[in-house]
Every structure is written in C-alpha cells, then in structure tokens.
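The data block below is input-v7.pdb; it holds PDB, C-alpha atoms, pLDDT in the B column.
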MODEL        1
ATOM      1  CA  MET A   1       0.000   0.000   0.000  1.00 90.00           C
ATOM      2  CA  TYR A   2       2.870   2.370   0.768  1.00 91.00           C
ATOM      3  CA  ALA A   3       4.506   1.747  -2.605  1.00 92.00           C
ATOM      4  CA  ALA A   4       1.241   2.526  -4.403  1.00 95.00           C
ATOM      5  CA  SER A   5       0.839   5.710  -2.352  1.00 95.00           C
ATOM      6  CA  TYR A   6       4.386   6.787  -3.158  1.00 96.00           C
ATOM      7  CA  LYS A   7       3.743   6.134  -6.842  1.00 97.00           C
ATOM      8  CA  MET A   8       0.550   8.222  -6.709  1.00 97.00           C
ATOM      9  CA  ALA A   9       2.340  11.089  -4.910  1.00 97.00           C
ATOM     10  CA  ASP A  10       5.184  10.903  -7.436  1.00 97.00           C
ATOM     11  CA  ILE A  11       2.779  10.973 -10.397  1.00 98.00           C
ATOM     12  CA  ILE A  12       0.962  13.985  -8.958  1.00 98.00           C
ATOM     13  CA  ALA A  13       4.185  15.844  -8.132  1.00 98.00           C
ATOM     14  CA  ARG A  14       5.907  14.993 -11.401  1.00 98.00           C
ATOM     15  CA  GLY A  15       2.836  15.774 -13.512  1.00 98.00           C
ATOM     16  CA  LEU A  16       2.307  19.140 -11.852  1.00 98.00           C
ATOM     17  CA  ALA A  17       6.023  19.969 -12.170  1.00 98.00           C
ATOM     18  CA  PHE A  18       5.846  19.291 -15.911  1.00 98.00           C
ATOM     19  CA  VAL A  19       2.735  21.454 -16.171  1.00 98.00           C
ATOM     20  CA  GLY A  20       4.511  24.220 -14.229  1.00 98.00           C
ATOM     21  CA  GLY A  21       7.502  23.947 -16.548  1.00 98.00           C
ATOM     22  CA  GLY A  22       5.227  24.119 -19.577  1.00 98.00           C
ATOM     23  CA  ILE A  23       3.586  27.235 -18.169  1.00 98.00           C
ATOM     24  CA  LEU A  24       6.995  28.861 -17.694  1.00 98.00           C
ATOM     25  CA  ILE A  25       7.966  28.017 -21.277  1.00 98.00           C
ATOM     26  CA  LEU A  26       4.700  29.524 -22.565  1.00 97.00           C
ATOM     27  CA  ILE A  27       5.210  32.673 -20.489  1.00 97.00           C
ATOM     28  CA  THR A  28       8.722  32.994 -21.891  1.00 97.00           C
ATOM     29  CA  LEU A  29       7.514  32.562 -25.473  1.00 97.00           C
ATOM     30  CA  ILE A  30       4.669  35.054 -25.239  1.00 96.00           C
ATOM     31  CA  THR A  31       6.950  37.554 -23.487  1.00 95.00           C
ATOM     32  CA  CYS A  32       9.424  37.243 -26.356  1.00 95.00           C
ATOM     33  CA  VAL A  33       6.632  37.701 -28.904  1.00 93.00           C
ATOM     34  CA  SER A  34       5.425  40.775 -27.018  1.00 93.00           C
ATOM     35  CA  ILE A  35       8.924  42.271 -26.881  1.00 93.00           C
ATOM     36  CA  ILE A  36       9.415  41.647 -30.600  1.00 93.00           C
ATOM     37  CA  GLY A  37       6.028  43.264 -31.201  1.00 91.00           C
ATOM     38  CA  ARG A  38       7.174  46.388 -29.367  1.00 90.00           C
ATOM     39  CA  ALA A  39      10.054  46.718 -31.813  1.00 89.00           C
ATOM     40  CA  PHE A  40       7.514  46.994 -34.655  1.00 87.00           C
ATOM     41  CA  VAL A  41       5.467  49.794 -33.046  1.00 85.00           C
ATOM     42  CA  PRO A  42       7.532  52.625 -34.629  1.00 84.00           C
ATOM     43  CA  LEU A  43       6.972  51.096 -38.074  1.00 84.00           C
ATOM     44  CA  ASP A  44       3.185  51.569 -37.693  1.00 79.00           C
ATOM     45  CA  ILE A  45       2.317  48.328 -39.535  1.00 84.00           C
ATOM     46  CA  GLY A  46      -0.266  47.130 -37.008  1.00 79.00           C
ATOM     47  CA  ILE A  47       2.018  44.819 -35.072  1.00 83.00           C
ATOM     48  CA  GLY A  48       2.674  45.597 -31.421  1.00 86.00           C
ATOM     49  CA  PRO A  49       3.082  44.120 -27.974  1.00 90.00           C
ATOM     50  CA  ILE A  50       0.601  41.617 -26.569  1.00 91.00           C
ATOM     51  CA  ARG A  51      -2.144  43.466 -24.727  1.00 90.00           C
ATOM     52  CA  GLY A  52      -2.191  42.464 -21.064  1.00 92.00           C
ATOM     53  CA  ILE A  53       1.155  40.655 -21.068  1.00 94.00           C
ATOM     54  CA  TYR A  54       1.717  41.661 -17.442  1.00 94.00           C
ATOM     55  CA  ASP A  55      -1.630  40.167 -16.428  1.00 94.00           C
ATOM     56  CA  ILE A  56      -0.933  36.955 -18.307  1.00 95.00           C
ATOM     57  CA  THR A  57       2.565  36.677 -16.812  1.00 96.00           C
ATOM     58  CA  GLU A  58       1.279  37.284 -13.290  1.00 95.00           C
ATOM     59  CA  ILE A  59      -1.382  34.577 -13.526  1.00 96.00           C
ATOM     60  CA  GLY A  60       0.992  32.130 -15.204  1.00 97.00           C
ATOM     61  CA  MET A  61       3.736  32.641 -12.615  1.00 97.00           C
ATOM     62  CA  ALA A  62       1.320  32.054  -9.734  1.00 97.00           C
ATOM     63  CA  ALA A  63       0.064  28.832 -11.336  1.00 97.00           C
ATOM     64  CA  ALA A  64       3.630  27.653 -12.046  1.00 98.00           C
ATOM     65  CA  ILE A  65       4.801  28.315  -8.485  1.00 97.00           C
ATOM     66  CA  PHE A  66       1.910  26.328  -7.013  1.00 98.00           C
ATOM     67  CA  ALA A  67       2.550  23.548  -9.539  1.00 98.00           C
ATOM     68  CA  PHE A  68       6.140  23.152  -8.275  1.00 97.00           C
ATOM     69  CA  LEU A  69       5.247  22.929  -4.556  1.00 97.00           C
ATOM     70  CA  PRO A  70       4.296  19.199  -4.562  1.00 98.00           C
ATOM     71  CA  TRP A  71       7.610  18.279  -6.225  1.00 97.00           C
ATOM     72  CA  ALA A  72       9.592  20.289  -3.690  1.00 96.00           C
ATOM     73  CA  GLN A  73       7.678  18.682  -0.823  1.00 96.00           C
ATOM     74  CA  LEU A  74       8.042  15.131  -2.111  1.00 97.00           C
ATOM     75  CA  HIS A  75      11.788  15.492  -2.625  1.00 95.00           C
ATOM     76  CA  GLU A  76      12.341  17.489   0.578  1.00 90.00           C
ATOM     77  CA  THR A  77      13.875  20.429  -1.247  1.00 89.00           C
ATOM     78  CA  HIS A  78      12.116  23.261   0.553  1.00 83.00           C
ATOM     79  CA  ALA A  79      14.483  25.728   2.187  1.00 73.00           C
ATOM     80  CA  ARG A  80      15.555  24.447   5.582  1.00 72.00           C
ATOM     81  CA  VAL A  81      18.276  25.067   8.097  1.00 70.00           C
ATOM     82  CA  ASP A  82      20.380  21.993   8.876  1.00 72.00           C
ATOM     83  CA  LEU A  83      23.025  23.622  11.054  1.00 71.00           C
ATOM     84  CA  PHE A  84      22.667  21.173  13.924  1.00 72.00           C
ATOM     85  CA  GLN A  85      21.456  18.120  12.019  1.00 73.00           C
ATOM     86  CA  ALA A  86      24.893  16.465  12.049  1.00 74.00           C
ATOM     87  CA  PHE A  87      25.035  16.708  15.842  1.00 80.00           C
ATOM     88  CA  MET A  88      21.533  15.381  16.545  1.00 78.00           C
ATOM     89  CA  PRO A  89      20.723  11.758  17.215  1.00 85.00           C
ATOM     90  CA  GLY A  90      19.030  10.097  14.231  1.00 80.00           C
ATOM     91  CA  GLY A  91      15.755   9.480  16.053  1.00 86.00           C
ATOM     92  CA  PHE A  92      15.488  13.110  17.125  1.00 88.00           C
ATOM     93  CA  ASP A  93      16.214  14.266  13.589  1.00 85.00           C
ATOM     94  CA  ARG A  94      13.521  11.961  12.191  1.00 90.00           C
ATOM     95  CA  ALA A  95      11.073  13.196  14.839  1.00 91.00           C
ATOM     96  CA  LEU A  96      11.787  16.798  13.776  1.00 89.00           C
ATOM     97  CA  ASP A  97      11.214  15.815  10.141  1.00 91.00           C
ATOM     98  CA  LEU A  98       7.832  14.390  11.147  1.00 94.00           C
ATOM     99  CA  LEU A  99       6.988  17.577  13.036  1.00 94.00           C
ATOM    100  CA  PHE A 100       7.985  19.746  10.081  1.00 93.00           C
ATOM    101  CA  ASN A 101       6.002  17.582   7.639  1.00 95.00           C
ATOM    102  CA  ILE A 102       2.922  17.873   9.847  1.00 97.00           C
ATOM    103  CA  GLY A 103       3.406  21.634   9.946  1.00 95.00           C
ATOM    104  CA  MET A 104       3.831  21.801   6.179  1.00 96.00           C
ATOM    105  CA  ALA A 105       0.665  19.749   5.632  1.00 97.00           C
ATOM    106  CA  ILE A 106      -1.283  22.073   7.931  1.00 98.00           C
ATOM    107  CA  ILE A 107       0.065  25.142   6.137  1.00 97.00           C
ATOM    108  CA  ALA A 108      -0.708  23.566   2.748  1.00 97.00           C
ATOM    109  CA  ALA A 109      -4.272  22.725   3.808  1.00 98.00           C
ATOM    110  CA  ILE A 110      -4.960  26.184   5.248  1.00 98.00           C
ATOM    111  CA  GLY A 111      -3.398  27.884   2.219  1.00 98.00           C
ATOM    112  CA  THR A 112      -5.449  25.755  -0.162  1.00 98.00           C
ATOM    113  CA  TRP A 113      -8.641  26.434   1.770  1.00 98.00           C
ATOM    114  CA  ARG A 114      -7.989  30.194   1.736  1.00 98.00           C
ATOM    115  CA  LEU A 115      -7.077  30.101  -1.963  1.00 98.00           C
ATOM    116  CA  TYR A 116     -10.387  28.341  -2.644  1.00 98.00           C
ATOM    117  CA  LEU A 117     -12.320  30.948  -0.655  1.00 98.00           C
ATOM    118  CA  GLY A 118     -10.458  33.715  -2.499  1.00 97.00           C
ATOM    119  CA  MET A 119     -11.372  32.136  -5.814  1.00 97.00           C
ATOM    120  CA  LEU A 120     -15.057  32.027  -4.818  1.00 97.00           C
ATOM    121  CA  ASP A 121     -14.858  35.674  -3.754  1.00 97.00           C
ATOM    122  CA  LYS A 122     -13.293  36.774  -7.053  1.00 96.00           C
ATOM    123  CA  LEU A 123     -15.848  34.699  -8.959  1.00 96.00           C
ATOM    124  CA  SER A 124     -18.816  36.202  -7.120  1.00 97.00           C
ATOM    125  CA  TYR A 125     -17.666  39.781  -7.714  1.00 96.00           C
ATOM    126  CA  GLY A 126     -16.650  39.198 -11.324  1.00 94.00           C
ATOM    127  CA  GLU A 127     -13.308  40.921 -10.808  1.00 96.00           C
ATOM    128  CA  THR A 128     -11.047  41.107 -13.870  1.00 95.00           C
ATOM    129  CA  THR A 129      -7.452  42.130 -14.480  1.00 93.00           C
ATOM    130  CA  LEU A 130      -6.905  45.766 -15.349  1.00 90.00           C
ATOM    131  CA  ILE A 131      -5.558  45.538 -18.883  1.00 90.00           C
ATOM    132  CA  ALA A 132      -6.488  42.179 -20.413  1.00 91.00           C
ATOM    133  CA  GLN A 133      -9.811  41.915 -18.531  1.00 94.00           C
ATOM    134  CA  ILE A 134      -9.067  38.271 -17.633  1.00 95.00           C
ATOM    135  CA  PRO A 135     -11.380  37.049 -14.845  1.00 96.00           C
ATOM    136  CA  VAL A 136      -9.188  36.933 -11.731  1.00 96.00           C
ATOM    137  CA  TRP A 137     -10.842  33.758 -10.442  1.00 96.00           C
ATOM    138  CA  GLN A 138      -9.226  31.841 -13.310  1.00 96.00           C
ATOM    139  CA  GLY A 139      -5.759  32.558 -11.915  1.00 95.00           C
ATOM    140  CA  PHE A 140      -6.918  31.384  -8.494  1.00 97.00           C
ATOM    141  CA  ALA A 141      -8.368  28.217 -10.052  1.00 97.00           C
ATOM    142  CA  ALA A 142      -5.147  27.479 -11.929  1.00 97.00           C
ATOM    143  CA  SER A 143      -3.167  27.895  -8.709  1.00 97.00           C
ATOM    144  CA  LEU A 144      -5.665  25.783  -6.786  1.00 98.00           C
ATOM    145  CA  VAL A 145      -4.792  22.714  -8.877  1.00 97.00           C
ATOM    146  CA  GLY A 146      -1.192  22.829  -7.649  1.00 98.00           C
ATOM    147  CA  ALA A 147      -2.289  23.659  -4.107  1.00 98.00           C
ATOM    148  CA  ILE A 148      -4.505  20.565  -3.936  1.00 98.00           C
ATOM    149  CA  GLY A 149      -1.611  18.457  -5.227  1.00 98.00           C
ATOM    150  CA  PHE A 150       0.572  20.046  -2.531  1.00 98.00           C
ATOM    151  CA  VAL A 151      -1.864  18.977   0.200  1.00 98.00           C
ATOM    152  CA  ILE A 152      -2.015  15.408  -1.115  1.00 98.00           C
ATOM    153  CA  VAL A 153       1.776  15.111  -1.327  1.00 98.00           C
ATOM    154  CA  ALA A 154       2.253  16.773   2.087  1.00 98.00           C
ATOM    155  CA  ILE A 155      -0.069  14.204   3.679  1.00 98.00           C
ATOM    156  CA  PHE A 156       1.896  11.417   2.020  1.00 98.00           C
ATOM    157  CA  CYS A 157       5.123  12.937   3.408  1.00 97.00           C
ATOM    158  CA  ILE A 158       3.725  12.677   6.935  1.00 97.00           C
ATOM    159  CA  TRP A 159       3.204   8.966   6.373  1.00 96.00           C
ATOM    160  CA  ARG A 160       6.723   8.643   4.990  1.00 96.00           C
ATOM    161  CA  SER A 161       8.123  10.436   8.059  1.00 95.00           C
ATOM    162  CA  VAL A 162       6.214   8.126  10.397  1.00 95.00           C
ATOM    163  CA  ARG A 163       7.686   5.135   8.573  1.00 95.00           C
ATOM    164  CA  ARG A 164      11.191   6.596   8.870  1.00 93.00           C
ATOM    165  CA  LEU A 165      10.694   7.257  12.563  1.00 92.00           C
ATOM    166  CA  ALA A 166       9.556   3.677  13.032  1.00 91.00           C
ATOM    167  CA  GLY A 167      12.634   2.437  11.155  1.00 85.00           C
ATOM    168  CA  MET A 168      10.621   1.036   8.248  1.00 81.00           C
ATOM    169  CA  GLU A 169      12.309   3.227   5.639  1.00 71.00           C
ATOM    170  CA  GLN A 170      15.708   4.823   5.162  1.00 67.00           C
ATOM    171  CA  GLN A 171      16.020   8.566   4.648  1.00 62.00           C
ATOM    172  CA  GLU A 172      17.221   9.464   1.156  1.00 57.00           C
TER     173      GLU A 172
ENDMDL
END

What would you get if you wrote out this structure as structure tokens?
Amino acid sequence: MYAASYKMADIIARGLAFVGGGILILITLITCVSIIGRAFVPLDIGIGPIRGIYDITEIGMAAAIFAFLPWAQLHETHARVDLFQAFMPGGFDRALDLLFNIGMAIIAAIGTWRLYLGMLDKLSYGETTLIAQIPVWQGFAASLVGAIGFVIVAIFCIWRSVRRLAGMEQQE
C-alpha cells in the first residue's frame, strides 16, 4: 500500500512539475513575442506588444509556483536550516522531520482552503485584471490545482516520516 501511495504522490508531483515547466515556457515565449512586437510599433504596420502581457505573466507565474510545490515537498527540497542536524541523534532528527512535515501539511491545507475561498470571492464579484480583462478567479483556479496536489503530497510525506521514525524506511 505504501509503494502505491508513493507512486501516486510521485505521479501527482511529477505531472504538476511538468505542467509548471510548460507554463513557464509559454510565459517565456509570449513575453518574447510581445517584446518583438514592441520593436515593430515605430513602423506603424499594425504589429505591437501583446495586450495584457503583465496580467498573463502574473497569472501564469502564480500557477507555475503552485505547480512546483508538490515536487519540492516530495523530494524534501524546501528551504531548511540543517546547522545542527549532524550533531543530533538520528531518532530526534527523524522526529523533527515528522513535526515539520505535519506543519507543512497544515500550512498547505490552510493555504489551499484560503485560496479556494479567495477564488469564490473573485468569482462572485466578477473581478477582472486591469488591462487584459481576464477574470481573476481563473488565476486562483489554476493555482488551486497545484495547491490541492501540494496537500495530497504533504499528507503522504507525513506517512513517509512516520515510517522513517519507526525504522521502516531509510532517509534518502
């Protein structure tokens, strides 16, 4: 059952990381197209920058960041301070890892819940971005996909930490 859960967490994290990478590539491409379009403005031939590029970039970056969170959680690559880790007994270190994973899961769940409520708020008011008039709730919804994946992977990481603490699994 653990192996199947790890595989599911890995598929979620890996899939979202690829989606986040794809979003970053798209943002880069449309930014380049917009910059090239600005070079044609003085020629007055009807080609110019992409309208609302800042809005599009902002929404895309938020979605990409949330898409990378499950991968960082699964592979334990969040920023952490390991100054005293070498001097701590292994059991204490594993207990701290469990505590931190529980904290991260709580933060992920609260953040996801608040992101969901924010999305509902933006949807109910019909708020749009200033320039491109993109409905703001769509950016929240795109970010929510990664946030939900983050919660799922964070819960799996608690289980993994419990197994490590019990000596059922070696730390990578």

Any chance you could resolve the PyMOL selection byres ((chain A and resi 71) around 12) against this file and give the residues as an MDAnalysis selection string? chainID A and resid 9:21 64:70 72:78 146:147 149:154 157

Using 3 Å of padding on each side, determine the axis-aligned box around all atoms of stretch 46-64 of chain A present in the file and give its centre and edge lengths in Å to one decimal, as JSON.
{"center_x": 0.8, "center_y": 37.4, "center_z": -23.4, "size_x": 11.9, "size_y": 25.5, "size_z": 33.3}

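Of the residues listed (A:Lys7, A:Met61, A:Asp44, A:Ile56), A:Met61 shows the shortest atom-to-atom separation from A:Gly22; distances use all atoms listed in the file.
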
Name the closest residue to A:Thr128 among the candidates A:Arg80, A:Ala142, A:Asp55, A:Phe87; distances are taken between atoms, counting only C-alpha atoms.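 The shortest atom-to-atom distance to A:Thr128 comes from A:Asp55.
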
Take atom CA of A:Trp159 and atom CA of A:Ala108 and report the distance between them in Å, one decimal. 15.5 Å

Gap from atom CA of A:Ile50 to atom CA of A:Ala141 - Å, one decimal: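 Atom CA of A:Ile50 sits 23.1 Å away from atom CA of A:Ala141.
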
Please write the residues picked by the PyMOL selection byres ((chain A and resi 161) around 9) on this file as a VMD selection string. chain A and resid 94 to 95 97 to 99 101 156 to 160 162 to 166 169 171

With C-alpha atoms retained, could you export that selection as a short mmCIF file (atom, residue, chain, number, x, y, z; two decimals), in the frame of the given file?
data_model
loop_
_atom_site.label_atom_id
_atom_site.label_comp_id
_atom_site.auth_asym_id
_atom_site.auth_seq_id
_atom_site.Cartn_x
_atom_site.Cartn_y
_atom_site.Cartn_z
CA ARG A 94 13.52 11.96 12.19
CA ALA A 95 11.07 13.20 14.84
CA ASP A 97 11.21 15.82 10.14
CA LEU A 98 7.83 14.39 11.15
CA LEU A 99 6.99 17.58 13.04
CA ASN A 101 6.00 17.58 7.64
CA PHE A 156 1.90 11.42 2.02
CA CYS A 157 5.12 12.94 3.41
CA ILE A 158 3.72 12.68 6.94
CA TRP A 159 3.20 8.97 6.37
CA ARG A 160 6.72 8.64 4.99
CA VAL A 162 6.21 8.13 10.40
CA ARG A 163 7.69 5.14 8.57
CA ARG A 164 11.19 6.60 8.87
CA LEU A 165 10.69 7.26 12.56
CA ALA A 166 9.56 3.68 13.03
CA GLU A 169 12.31 3.23 5.64
CA GLN A 171 16.02 8.57 4.65
#

Explicit residue set for the PyMOL selection byres ((chain A and resi 133) around 12), as a list of chain:residue names: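 Checking the PyMOL selection byres ((chain A and resi 133) around 12) against this file, the residues are A:Arg51, A:Gly52, A:Ile53, A:Tyr54, A:Asp55, A:Ile56, A:Gly126, A:Glu127, A:Thr128, A:Thr129, A:Leu130, A:Ile131, A:Ala132, A:Ile134, A:Pro135, A:Val136, A:Trp137, A:Gln138.
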
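One finds atom CA of A:Met168 at 19.0 Å from atom CA of A:Phe100.
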
Pick the closest to A:Ile59 from A:Leu83, A:Leu144, A:Ile47, A:Met1: which is it, counting only C-alpha atoms? A:Leu144

Considering only C-alpha atoms, can you say which of A:Ala4, A:Met119, A:Ala63, A:Val41 comes closest to A:Ile27?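 Closest residue, counting only C-alpha atoms: A:Ala63.
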
Dump of stretch 51-91 of chain A from preceding block, N, CA and C atoms, as a short mmCIF file (atom, residue, chain, number, x, y, z; two decimals), in the first residue's frame:
data_model
loop_
_atom_site.label_atom_id
_atom_site.label_comp_id
_atom_site.auth_asym_id
_atom_site.auth_seq_id
_atom_site.Cartn_x
_atom_site.Cartn_y
_atom_site.Cartn_z
N ARG A 51 -1.36 42.71 -25.70
CA ARG A 51 -2.14 43.47 -24.73
C ARG A 51 -2.35 42.62 -23.47
N GLY A 52 -2.00 43.16 -22.33
CA GLY A 52 -2.19 42.46 -21.06
C GLY A 52 -1.11 41.45 -20.74
N ILE A 53 0.08 41.62 -21.31
CA ILE A 53 1.16 40.66 -21.07
C ILE A 53 1.50 40.56 -19.58
N TYR A 54 1.41 41.69 -18.88
CA TYR A 54 1.72 41.66 -17.44
C TYR A 54 0.69 40.83 -16.68
N ASP A 55 -0.57 40.96 -17.06
CA ASP A 55 -1.63 40.17 -16.43
C ASP A 55 -1.43 38.68 -16.69
N ILE A 56 -1.14 38.36 -17.92
CA ILE A 56 -0.93 36.95 -18.31
C ILE A 56 0.28 36.37 -17.57
N THR A 57 1.35 37.14 -17.51
CA THR A 57 2.56 36.68 -16.81
C THR A 57 2.30 36.47 -15.33
N GLU A 58 1.58 37.38 -14.72
CA GLU A 58 1.28 37.28 -13.29
C GLU A 58 0.48 36.02 -12.98
N ILE A 59 -0.55 35.77 -13.74
CA ILE A 59 -1.38 34.58 -13.53
C ILE A 59 -0.58 33.30 -13.79
N GLY A 60 0.19 33.31 -14.87
CA GLY A 60 0.99 32.13 -15.20
C GLY A 60 2.05 31.83 -14.16
N MET A 61 2.70 32.86 -13.64
CA MET A 61 3.74 32.64 -12.61
C MET A 61 3.13 32.07 -11.34
N ALA A 62 1.98 32.58 -10.94
CA ALA A 62 1.32 32.05 -9.73
C ALA A 62 0.98 30.58 -9.92
N ALA A 63 0.42 30.23 -11.07
CA ALA A 63 0.06 28.83 -11.34
C ALA A 63 1.31 27.95 -11.36
N ALA A 64 2.39 28.44 -11.97
CA ALA A 64 3.63 27.65 -12.05
C ALA A 64 4.22 27.43 -10.66
N ILE A 65 4.24 28.45 -9.83
CA ILE A 65 4.80 28.31 -8.49
C ILE A 65 4.03 27.26 -7.70
N PHE A 66 2.71 27.32 -7.73
CA PHE A 66 1.91 26.33 -7.01
C PHE A 66 2.11 24.93 -7.61
N ALA A 67 2.34 24.85 -8.90
CA ALA A 67 2.55 23.55 -9.54
C ALA A 67 3.86 22.90 -9.09
N PHE A 68 4.85 23.70 -8.71
CA PHE A 68 6.14 23.15 -8.28
C PHE A 68 6.16 22.75 -6.80
N LEU A 69 5.23 23.22 -5.99
CA LEU A 69 5.25 22.93 -4.56
C LEU A 69 5.18 21.43 -4.22
N PRO A 70 4.32 20.63 -4.90
CA PRO A 70 4.30 19.20 -4.56
C PRO A 70 5.64 18.51 -4.83
N TRP A 71 6.32 18.88 -5.90
CA TRP A 71 7.61 18.28 -6.22
C TRP A 71 8.64 18.62 -5.14
N ALA A 72 8.65 19.87 -4.74
CA ALA A 72 9.59 20.29 -3.69
C ALA A 72 9.29 19.57 -2.38
N GLN A 73 8.04 19.38 -2.06
CA GLN A 73 7.68 18.68 -0.82
C GLN A 73 8.06 17.20 -0.89
N LEU A 74 7.75 16.56 -1.99
CA LEU A 74 8.04 15.13 -2.11
C LEU A 74 9.54 14.85 -2.02
N HIS A 75 10.34 15.71 -2.59
CA HIS A 75 11.79 15.49 -2.63
C HIS A 75 12.54 16.26 -1.54
N GLU A 76 11.78 16.81 -0.60
CA GLU A 76 12.34 17.49 0.58
C GLU A 76 13.34 18.57 0.19
N THR A 77 12.97 19.39 -0.77
CA THR A 77 13.87 20.43 -1.25
C THR A 77 13.42 21.83 -0.88
N HIS A 78 12.47 21.94 0.05
CA HIS A 78 12.12 23.26 0.55
C HIS A 78 13.30 23.80 1.33
N ALA A 79 13.39 25.10 1.43
CA ALA A 79 14.48 25.73 2.19
C ALA A 79 14.40 25.28 3.64
N ARG A 80 15.51 24.86 4.18
CA ARG A 80 15.55 24.45 5.58
C ARG A 80 16.94 24.70 6.14
N VAL A 81 17.01 24.81 7.43
CA VAL A 81 18.28 25.07 8.10
C VAL A 81 18.72 23.77 8.77
N ASP A 82 19.86 23.25 8.35
CA ASP A 82 20.38 21.99 8.88
C ASP A 82 21.68 22.20 9.65
N LEU A 83 21.78 23.31 10.35
CA LEU A 83 23.02 23.62 11.05
C LEU A 83 23.39 22.56 12.10
N PHE A 84 22.40 22.09 12.82
CA PHE A 84 22.67 21.17 13.92
C PHE A 84 22.30 19.73 13.61
N GLN A 85 21.91 19.45 12.38
CA GLN A 85 21.46 18.12 12.02
C GLN A 85 22.56 17.08 12.21
N ALA A 86 23.78 17.42 11.91
CA ALA A 86 24.89 16.46 12.05
C ALA A 86 25.15 16.08 13.50
N PHE A 87 24.78 16.96 14.43
CA PHE A 87 25.04 16.71 15.84
C PHE A 87 23.87 16.07 16.56
N MET A 88 22.72 15.94 15.91
CA MET A 88 21.53 15.38 16.55
C MET A 88 21.50 13.87 16.39
N PRO A 89 20.95 13.20 17.38
CA PRO A 89 20.72 11.76 17.22
C PRO A 89 19.72 11.52 16.08
N GLY A 90 19.88 10.39 15.39
CA GLY A 90 19.03 10.10 14.23
C GLY A 90 17.55 10.10 14.55
N GLY A 91 17.18 9.53 15.69
CA GLY A 91 15.75 9.48 16.05
C GLY A 91 15.17 10.86 16.27
#
